[in-house]
Amino acid sequence: MSQRKLTSVEKKGGGIAAVKAIAEEKGVHLLLVEDDKGNELVAASMKPFKVVC
């Protein structure tokens with residue numbers, strides 16, 4: 001799994017739409033979460049994420 005701040009993705013990665021398109025093409029799962037400091041993070045994994053509660 002890898003993760004990046006959403007602000008970084010928006011500035012350097014072509015935006016979340018571009019990242020989503022690439023992920024769908026490559027079969028990568030994406031997750032948008034907020035950490036304990038209030039930062040929005042985009043996590044990517046080849047395996048699906050599981051919601052625990």
# chains A, B, ... in the order shown; residues from 1 in each chain; ligands from 1

$ residues_around --residues "Lys20 in chain A" --least-positions-apart "5" --cutoff "9 Å" --atoms "only C-alpha atoms" --output "PyMOL selection string"
chain A and resi 15+25+28-30

$ select_by_dssp --residues "chain A" --states "helix (DSSP H, G or I)" --output "list in words"
Leu6, Thr7, Ser8, Val9, Glu10, Lys11, Lys12, Gly15, Ile16, Ala17, Ala18, Val19, Lys20, Ala21, Ile22, Ala23, Glu24, Glu25 and Lys26 of chain A

$ select_by_dssp --residues "chain A" --states "strand (DSSP E or B)" --output "short mmCIF file (atom, residue, chain, number, x, y, z; two decimals) with C-alpha atoms, in the first residue's frame"
data_model
loop_
_atom_site.label_atom_id
_atom_site.label_comp_id
_atom_site.auth_asym_id
_atom_site.auth_seq_id
_atom_site.Cartn_x
_atom_site.Cartn_y
_atom_site.Cartn_z
CA SER A 2 1.16 3.52 -0.69
CA GLN A 3 -0.34 6.81 0.40
CA ARG A 4 -0.03 10.47 -0.51
CA LYS A 5 -1.64 13.65 0.75
CA HIS A 29 -7.87 0.16 -5.52
CA LEU A 30 -8.01 3.70 -4.12
CA LEU A 31 -9.18 4.90 -0.72
CA LEU A 32 -9.68 8.49 0.41
CA VAL A 33 -9.30 8.91 4.18
CA GLU A 34 -8.60 11.65 6.71
CA GLU A 40 -6.92 13.99 3.45
CA LEU A 41 -4.89 11.03 2.17
CA VAL A 42 -5.20 8.93 -0.97
CA ALA A 43 -4.15 5.33 -0.38
CA ALA A 44 -3.55 2.87 -3.21
CA SER A 45 -3.28 -0.90 -3.12
#

$ closest_residue --among "A:Glu10, A:Pro48, A:Asn39, A:Cys53" --to "Gly27 in chain A" --atoms "only C-alpha atoms"
A:Pro48

$ atom_distance --atom1 "CA of Met46 in chain A" --atom2 "CA of Lys26 in chain A"
8.9 Å

$ closest_residue --among "A:Val52, A:Met1, A:Ala17, A:Leu6" --to "Gly38 in chain A" --atoms "only C-alpha atoms"
A:Leu6

$ decode --residues "chain A" --atoms "C-alpha atoms" --output "JSON list (two decimals), in the first residue's frame"
[["chain", "number", "residue", "atom", "x", "y", "z"],
["A", 1, "MET", "CA", 0.00, 0.00, 0.00],
["A", 2, "SER", "CA", 1.16, 3.52, -0.69],
["A", 3, "GLN", "CA", -0.34, 6.81, 0.40],
["A", 4, "ARG", "CA", -0.03, 10.47, -0.51],
["A", 5, "LYS", "CA", -1.64, 13.65, 0.75],
["A", 6, "LEU", "CA", -4.56, 14.65, -1.45],
["A", 7, "THR", "CA", -3.08, 18.14, -1.81],
["A", 8, "SER", "CA", 0.08, 16.60, -3.26],
["A", 9, "VAL", "CA", -1.95, 14.51, -5.71],
["A", 10, "GLU", "CA", -3.89, 17.59, -6.79],
["A", 11, "LYS", "CA", -0.71, 19.64, -7.33],
["A", 12, "LYS", "CA", 1.70, 17.09, -8.81],
["A", 13, "GLY", "CA", -0.27, 14.02, -9.88],
["A", 14, "GLY", "CA", -2.66, 15.58, -12.39],
["A", 15, "GLY", "CA", -5.50, 15.63, -9.87],
["A", 16, "ILE", "CA", -7.63, 12.92, -8.35],
["A", 17, "ALA", "CA", -9.48, 12.33, -11.64],
["A", 18, "ALA", "CA", -6.22, 11.47, -13.42],
["A", 19, "VAL", "CA", -5.09, 9.22, -10.57],
["A", 20, "LYS", "CA", -8.48, 7.49, -10.57],
["A", 21, "ALA", "CA", -8.31, 6.85, -14.32],
["A", 22, "ILE", "CA", -4.83, 5.34, -14.05],
["A", 23, "ALA", "CA", -5.85, 3.22, -11.06],
["A", 24, "GLU", "CA", -8.89, 1.85, -12.90],
["A", 25, "GLU", "CA", -6.73, 1.04, -15.92],
["A", 26, "LYS", "CA", -4.19, -0.84, -13.79],
["A", 27, "GLY", "CA", -6.66, -2.52, -11.42],
["A", 28, "VAL", "CA", -5.47, -0.55, -8.39],
["A", 29, "HIS", "CA", -7.87, 0.16, -5.52],
["A", 30, "LEU", "CA", -8.01, 3.70, -4.12],
["A", 31, "LEU", "CA", -9.18, 4.90, -0.72],
["A", 32, "LEU", "CA", -9.68, 8.49, 0.41],
["A", 33, "VAL", "CA", -9.30, 8.91, 4.18],
["A", 34, "GLU", "CA", -8.60, 11.65, 6.71],
["A", 35, "ASP", "CA", -5.80, 11.22, 9.24],
["A", 36, "ASP", "CA", -5.84, 12.34, 12.88],
["A", 37, "LYS", "CA", -4.37, 15.72, 11.88],
["A", 38, "GLY", "CA", -7.14, 16.44, 9.38],
["A", 39, "ASN", "CA", -5.07, 15.71, 6.27],
["A", 40, "GLU", "CA", -6.92, 13.99, 3.45],
["A", 41, "LEU", "CA", -4.89, 11.03, 2.17],
["A", 42, "VAL", "CA", -5.20, 8.93, -0.97],
["A", 43, "ALA", "CA", -4.15, 5.33, -0.38],
["A", 44, "ALA", "CA", -3.55, 2.87, -3.21],
["A", 45, "SER", "CA", -3.28, -0.90, -3.12],
["A", 46, "MET", "CA", -3.41, -3.84, -5.48],
["A", 47, "LYS", "CA", -5.68, -5.58, -2.95],
["A", 48, "PRO", "CA", -9.12, -4.25, -1.97],
["A", 49, "PHE", "CA", -9.43, -2.26, 1.24],
["A", 50, "LYS", "CA", -11.69, -3.60, 4.00],
["A", 51, "VAL", "CA", -13.87, -1.40, 6.20],
["A", 52, "VAL", "CA", -13.80, -2.70, 9.77],
["A", 53, "CYS", "CA", -16.49, -0.51, 11.35]]
